[in-house]
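Asker: Input file: work-v3.csv. Contents: CSV, C-alpha atoms.
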chain,number,residue,atom,x,y,z
A,1263,SER,CA,0.0,0.0,0.0
A,1264,GLN,CA,1.2,3.5,-0.7
A,1265,GLN,CA,0.7,6.4,1.5
A,1266,GLY,CA,0.6,9.1,-1.1
A,1267,GLU,CA,2.2,11.0,-3.8
A,1268,GLU,CA,5.5,12.7,-4.1
A,1269,ASP,CA,6.3,15.4,-6.6
A,1270,PRO,CA,8.2,15.8,-8.7
A,1271,GLN,CA,8.8,12.2,-9.7
A,1272,ALA,CA,12.1,13.3,-11.2
A,1273,LEU,CA,14.1,16.4,-10.6
A,1274,SER,CA,17.3,17.4,-12.4
A,1275,ILE,CA,19.3,20.4,-11.2
A,1276,GLN,CA,22.8,21.8,-11.4
A,1277,GLU,CA,25.3,21.5,-8.5
A,1278,GLY,CA,24.9,24.4,-6.1
A,1279,GLU,CA,21.2,24.8,-6.7
A,1280,ASN,CA,18.5,23.9,-4.1
A,1281,ALA,CA,16.3,20.9,-4.6
A,1282,THR,CA,12.7,20.8,-3.2
A,1283,MET,CA,10.7,17.6,-3.0
A,1284,ASN,CA,7.1,17.3,-1.8
A,1285,CYS,CA,5.2,14.5,-0.2
A,1286,SER,CA,1.5,14.1,0.6
A,1287,TYR,CA,-0.1,11.5,2.7
A,1288,LYS,CA,-3.5,10.3,3.5
A,1289,THR,CA,-3.8,9.2,7.1
A,1290,SER,CA,-3.2,10.7,10.5
A,1291,ILE,CA,0.4,10.3,11.5
A,1292,ASN,CA,2.6,10.3,14.5
A,1293,ASN,CA,5.7,11.4,12.5
A,1294,LEU,CA,7.0,11.6,9.0
A,1295,GLN,CA,10.4,10.5,7.9
A,1296,TRP,CA,12.6,11.1,4.8
A,1297,TYR,CA,14.9,8.5,3.4
A,1298,ARG,CA,17.5,8.4,0.7
A,1299,GLN,CA,18.2,5.5,-1.6
A,1300,ASN,CA,21.2,5.2,-3.9
A,1301,SER,CA,20.5,3.1,-6.9
A,1302,GLY,CA,20.2,-0.6,-6.1
A,1303,ARG,CA,21.0,0.0,-2.4
A,1304,GLY,CA,19.2,0.0,0.9
A,1305,LEU,CA,17.6,3.1,2.5
A,1306,VAL,CA,19.4,5.7,4.7
A,1307,HIS,CA,17.4,7.6,7.2
A,1308,LEU,CA,17.7,11.3,6.8
A,1309,ILE,CA,15.4,13.1,9.1
A,1310,LEU,CA,12.3,12.6,11.2
A,1311,ILE,CA,9.7,15.3,11.9
A,1312,ARG,CA,7.0,14.7,14.5
A,1313,SER,CA,3.4,15.6,14.0
A,1314,ASN,CA,3.6,18.5,16.4
A,1315,GLU,CA,6.6,20.0,14.6
A,1316,ARG,CA,6.4,22.3,11.6
A,1317,GLU,CA,10.0,22.6,10.6
A,1318,LYS,CA,13.2,20.8,11.2
A,1319,HIS,CA,16.8,21.3,10.0
A,1320,SER,CA,19.7,18.9,9.7
A,1321,GLY,CA,22.8,20.2,8.0
A,1322,ARG,CA,21.8,21.1,4.4
A,1323,LEU,CA,18.4,19.5,4.9
A,1324,ARG,CA,15.2,21.4,5.8
A,1325,VAL,CA,11.9,19.6,6.3
A,1326,THR,CA,8.5,21.1,6.8
A,1327,LEU,CA,5.3,19.5,7.8
A,1328,ASP,CA,1.8,20.8,7.3
A,1329,THR,CA,-0.6,18.4,9.0
A,1330,SER,CA,-3.7,20.4,7.9
A,1331,LYS,CA,-2.7,19.8,4.3
A,1332,LYS,CA,-1.2,16.4,5.0
A,1333,SER,CA,2.0,17.3,3.2
A,1334,SER,CA,5.7,17.6,3.8
A,1335,SER,CA,8.6,19.0,1.9
A,1336,LEU,CA,12.3,18.3,1.9
A,1337,LEU,CA,14.7,21.0,0.8
A,1338,ILE,CA,18.3,20.2,0.1
A,1339,THR,CA,20.4,23.4,-0.1
A,1340,ALA,CA,23.6,23.9,-2.1
A,1341,SER,CA,23.2,20.5,-3.8
A,1342,ARG,CA,26.2,18.3,-4.7
A,1343,ALA,CA,26.6,15.6,-7.3
A,1344,ALA,CA,26.8,13.1,-4.4
A,1345,ASP,CA,23.2,14.0,-3.5
A,1346,THR,CA,22.0,12.2,-6.6
A,1347,ALA,CA,19.7,9.5,-5.4
A,1348,SER,CA,16.0,8.7,-4.8
A,1349,TYR,CA,14.3,10.3,-1.9
A,1350,PHE,CA,11.3,8.9,-0.2
A,1351,CYS,CA,9.0,10.1,2.5
A,1352,ALA,CA,7.5,7.6,4.9
A,1353,THR,CA,4.9,7.7,7.6
A,1354,ALA,CA,4.2,5.5,10.5
A,1355,LEU,CA,1.2,5.6,12.8
A,1356,ARG,CA,3.0,4.3,15.8
A,1357,TYR,CA,6.6,5.0,15.5
A,1358,ASN,CA,8.9,2.2,16.4
A,1359,GLN,CA,6.2,0.3,18.2
A,1360,GLY,CA,5.8,-2.2,15.5
A,1361,GLY,CA,4.0,0.3,13.4
A,1362,LYS,CA,4.2,-0.1,9.7
A,1363,LEU,CA,6.3,2.3,7.7
A,1364,ILE,CA,4.5,3.3,4.5
A,1365,PHE,CA,6.4,5.0,1.7
A,1366,GLY,CA,5.6,7.6,-0.8
A,1367,GLN,CA,6.3,7.2,-4.5
A,1368,GLY,CA,9.6,8.9,-4.3
A,1369,THR,CA,11.5,11.6,-6.2
A,1370,GLU,CA,14.5,10.7,-8.3
A,1371,LEU,CA,17.0,13.6,-7.9
A,1372,SER,CA,19.9,14.1,-10.4
A,1373,VAL,CA,22.5,16.7,-9.5
A,1374,LYS,CA,24.7,17.5,-12.5
A,1375,PRO,CA,28.2,18.7,-11.8
B,147,GLY,CA,24.3,2.6,15.7
B,148,ALA,CA,21.9,-0.1,14.7
B,149,VAL,CA,23.0,-2.3,11.8
B,150,VAL,CA,20.9,-4.7,9.8
B,151,SER,CA,22.7,-7.2,7.6
B,152,GLN,CA,20.8,-8.7,4.6
B,153,HIS,CA,22.1,-11.6,2.5
B,154,PRO,CA,22.5,-12.4,-0.2
B,155,SER,CA,22.9,-9.1,-2.0
B,156,ARG,CA,22.3,-10.7,-5.3
B,157,VAL,CA,20.9,-14.1,-6.3
B,158,ILE,CA,20.0,-15.7,-9.6
B,159,CYS,CA,17.8,-18.8,-9.5
B,160,LYS,CA,16.0,-21.0,-12.0
B,161,SER,CA,12.2,-21.0,-12.3
B,162,GLY,CA,10.6,-23.4,-9.9
B,163,THR,CA,13.3,-23.2,-7.2
B,164,SER,CA,13.1,-21.6,-3.8
B,165,VAL,CA,15.3,-18.8,-2.6
B,166,LYS,CA,15.9,-17.7,1.0
B,167,ILE,CA,16.8,-14.2,2.0
B,168,GLU,CA,18.1,-13.5,5.5
B,169,CYS,CA,17.8,-10.3,7.5
B,170,ARG,CA,19.9,-10.0,10.7
B,171,SER,CA,20.0,-7.3,13.3
B,172,LEU,CA,23.7,-7.3,14.3
B,173,ASP,CA,23.7,-5.1,17.5
B,174,PHE,CA,20.2,-4.9,18.7
B,175,GLN,CA,17.2,-7.1,19.3
B,176,ALA,CA,14.7,-6.6,16.5
B,177,THR,CA,11.2,-7.1,17.9
B,178,THR,CA,9.6,-6.4,14.6
B,179,MET,CA,10.9,-6.8,11.1
B,180,PHE,CA,9.3,-5.7,7.8
B,181,TRP,CA,9.8,-7.0,4.3
B,182,TYR,CA,9.4,-4.8,1.3
B,183,ARG,CA,9.5,-5.3,-2.4
B,184,GLN,CA,10.7,-2.7,-4.9
B,185,PHE,CA,10.3,-2.6,-8.6
B,186,PRO,CA,12.7,-0.6,-10.8
B,187,LYS,CA,12.2,3.1,-10.3
B,188,LYS,CA,9.3,2.5,-8.0
B,189,SER,CA,8.7,2.9,-4.3
B,190,LEU,CA,8.9,0.3,-1.6
B,191,MET,CA,5.8,-1.9,-1.2
B,192,LEU,CA,5.3,-3.4,2.2
B,193,MET,CA,4.8,-7.2,1.9
B,194,ALA,CA,4.6,-8.3,5.5
B,195,THR,CA,5.3,-7.5,9.1
B,196,SER,CA,6.8,-10.1,11.3
B,197,ASN,CA,7.1,-10.2,15.1
B,198,GLU,CA,9.5,-12.6,16.8
B,199,GLY,CA,7.8,-15.9,17.7
B,200,SER,CA,4.5,-15.2,15.9
B,201,LYS,CA,3.1,-15.5,12.4
B,202,ALA,CA,3.8,-12.8,10.0
B,203,THR,CA,1.0,-10.4,9.0
B,204,TYR,CA,0.8,-10.0,5.2
B,205,GLU,CA,-0.4,-7.1,3.3
B,206,GLN,CA,-3.4,-7.4,1.1
B,207,GLY,CA,-2.5,-9.1,-2.2
B,208,VAL,CA,0.7,-10.8,-1.0
B,209,GLU,CA,0.6,-14.5,-1.2
B,210,LYS,CA,1.4,-16.1,2.1
B,211,ASP,CA,2.3,-19.5,0.6
B,212,LYS,CA,4.5,-17.8,-2.0
B,213,PHE,CA,6.5,-15.6,0.3
B,214,LEU,CA,7.2,-17.5,3.5
B,215,ILE,CA,8.4,-15.4,6.4
B,216,ASN,CA,10.0,-16.7,9.5
B,217,HIS,CA,11.1,-14.6,12.5
B,218,ALA,CA,12.3,-17.3,14.9
B,219,SER,CA,14.7,-15.2,16.9
B,220,LEU,CA,15.1,-11.6,17.9
B,221,THR,CA,18.0,-11.1,15.5
B,222,LEU,CA,16.9,-13.1,12.4
B,223,SER,CA,14.1,-13.0,10.0
B,224,THR,CA,14.0,-14.9,6.7
B,225,LEU,CA,12.0,-14.5,3.5
B,226,THR,CA,11.7,-17.5,1.3
B,227,VAL,CA,10.4,-17.1,-2.2
B,228,THR,CA,8.9,-20.5,-3.0
B,229,SER,CA,8.6,-21.9,-6.5
B,230,ALA,CA,10.1,-18.7,-7.9
B,231,HIS,CA,9.0,-17.4,-11.3
B,232,PRO,CA,10.4,-14.6,-13.5
B,233,GLU,CA,7.7,-12.2,-12.2
B,234,ASP,CA,9.1,-12.6,-8.7
B,235,SER,CA,12.3,-10.9,-9.9
B,236,SER,CA,12.6,-7.8,-7.9
B,237,PHE,CA,14.6,-6.0,-5.2
B,238,TYR,CA,13.7,-7.1,-1.7
B,239,ILE,CA,14.5,-5.0,1.4
B,240,CYS,CA,14.1,-5.8,5.0
B,241,SER,CA,13.7,-3.4,7.9
B,242,ALA,CA,13.9,-3.9,11.6
B,243,THR,CA,12.9,-2.0,14.7
B,244,GLY,CA,14.1,-2.5,18.2
B,245,PRO,CA,14.9,-0.1,21.0
B,246,LEU,CA,13.2,3.2,20.6
B,247,GLU,CA,16.4,5.2,19.9
B,248,TYR,CA,17.3,3.0,16.9
B,249,GLY,CA,14.3,3.7,14.8
B,250,TYR,CA,13.8,1.8,11.6
B,251,THR,CA,17.0,0.3,10.2
B,252,PHE,CA,17.1,-1.1,6.7
B,253,GLY,CA,19.1,-3.9,5.2
B,254,SER,CA,21.0,-3.2,1.9
B,255,GLY,CA,18.6,-5.2,-0.1
B,256,THR,CA,18.6,-8.4,-2.2
B,257,ARG,CA,18.4,-8.3,-6.0
B,258,LEU,CA,16.5,-11.5,-7.0
B,259,THR,CA,16.5,-12.5,-10.7
B,260,VAL,CA,14.6,-15.6,-11.7
B,261,VAL,CA,15.5,-17.1,-15.1
Take the structure in the file and write it out as structure tokens.
Answerer:
Amino acid sequence: SQQGEEDPQALSIQEGENATMNCSYKTSINNLQWYRQNSGRGLVHLILIRSNEREKHSGRLRVTLDTSKKSSSLLITASRAADTASYFCATALRYNQGGKLIFGQGTELSVKP
Amino acid sequence: GAVVSQHPSRVICKSGTSVKIECRSLDFQATTMFWYRQFPKKSLMLMATSNEGSKATYEQGVEKDKFLINHASLTLSTLTVTSAHPEDSSFYICSATGPLEYGYTFGSGTRLTVV
């Protein structure tokens, strides 16, 4: 089952530019997480934002959450070629208590040097 | 930090044979493990949730007899693809949860090709 849509599905930018990816979800959530996946590899956890938070920063990452619109965005500033990967949002109803983690469709980001 | 080891990373098998994929939590006890399937350029589809010592809970549309999941210990879960067919070719990823601070930890995935 999929939680929602992410847009854009694919994003191509130049190194140094900012990349913004959006995610929408359908159910009430406890938190929303963003993951990165390099081609053919497992997932790496990037950042978690709780339902009572509106914005969170981690290094070059900035995540926002709008629970009224059931949407979140991930901003990567000053992008680098090494940021090229697929990015997924994921939601869990009961975080780390056996709750299922449901993923969005993902955004494939390509950062050109 | 929490580490989940998934093996094999790649496997090629003939149609009709069975393949077992292992997912191990190396430095924590995984009370719950999840199995996902991912098609090329697509998102992760949850197949099943397994809790140690109990039967796995499968998502709608996932064949229980096709994808056998065993979670016999707090550090090991296995996914067996039985009587594999070419349409079972995919990327399979496991995830484990344990102590609260560890969150969800993912294995590196298994690329299954059925010929």
Asker: Within 12 Å of chain A, which residues of chain B are there when counting all atoms listed in the file? Please give them as a ChimeraX atom specification.
Answerer: /B:148-152,155-156,176-198,203-208,236-258
Asker: CA of Ser1274 in chain A to CA of Ala1354 in chain A: how many Å, to one decimal?
Answerer: 28.9 Å
Asker: Please indicate the distance in Å from CA of His217 in chain B to CA of Thr163 in chain B, rounded to one decimal place.
Answerer: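 Result for CA of His217 in chain B versus CA of Thr163 in chain B: 21.6 Å, one decimal.
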Asker: To one decimal place, how far is CA of Asn1314 in chain A from CA of Leu1337 in chain A in Å?
Answerer: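 These atoms are spaced 19.3 Å apart.
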Asker: Looking at B:Val260, B:Thr224, B:Asp173, B:Pro232, which one is nearest to Pro154 in chain B, with distances taken over all atoms listed in the file?
Answerer: B:Thr224
Asker: So which residues touch Asn1284 in chain A within 9 Å, counting all atoms listed in the file, skipping near sequence neighbours fewer than 5 positions away, as a short mmCIF file (atom, residue, chain, number, x, y, z; two decimals) with C-alpha atoms, in the frame of the given file?
Answerer:
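Here's the written file result_36.cif:
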data_model
loop_
_atom_site.label_atom_id
_atom_site.label_comp_id
_atom_site.auth_asym_id
_atom_site.auth_seq_id
_atom_site.Cartn_x
_atom_site.Cartn_y
_atom_site.Cartn_z
CA GLU A 1267 2.20 11.00 -3.80
CA GLU A 1268 5.50 12.70 -4.10
CA ASP A 1269 6.30 15.40 -6.60
CA PRO A 1270 8.20 15.80 -8.70
CA SER A 1333 2.00 17.30 3.20
CA SER A 1334 5.70 17.60 3.80
CA SER A 1335 8.60 19.00 1.90
CA LEU A 1336 12.30 18.30 1.90
CA LEU A 1337 14.70 21.00 0.80
CA CYS A 1351 9.00 10.10 2.50
CA THR A 1369 11.50 11.60 -6.20
#
Asker: Between A:Asn1280, A:Leu1327, A:Ala1272, A:Arg1342, which is the closest to Leu1294 in chain A once you count only C-alpha atoms?
Answerer: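 Smallest separation from Leu1294 in chain A among the options: A:Leu1327.
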Asker: Go ahead and find all residues with at least one atom no further than 6 Å from (13.8, -13.6, 9.5) in the file's coordinates, using all atoms listed in the file; report them as a PyMOL selection string.
Answerer: chain B and resi 168-169+216-217+222-224
Asker: So which one's closest to Thr228 in chain B, B:Val165, B:Ile215, B:Val261, B:Leu172? Using only C-alpha atoms, please.
Answerer: B:Val165
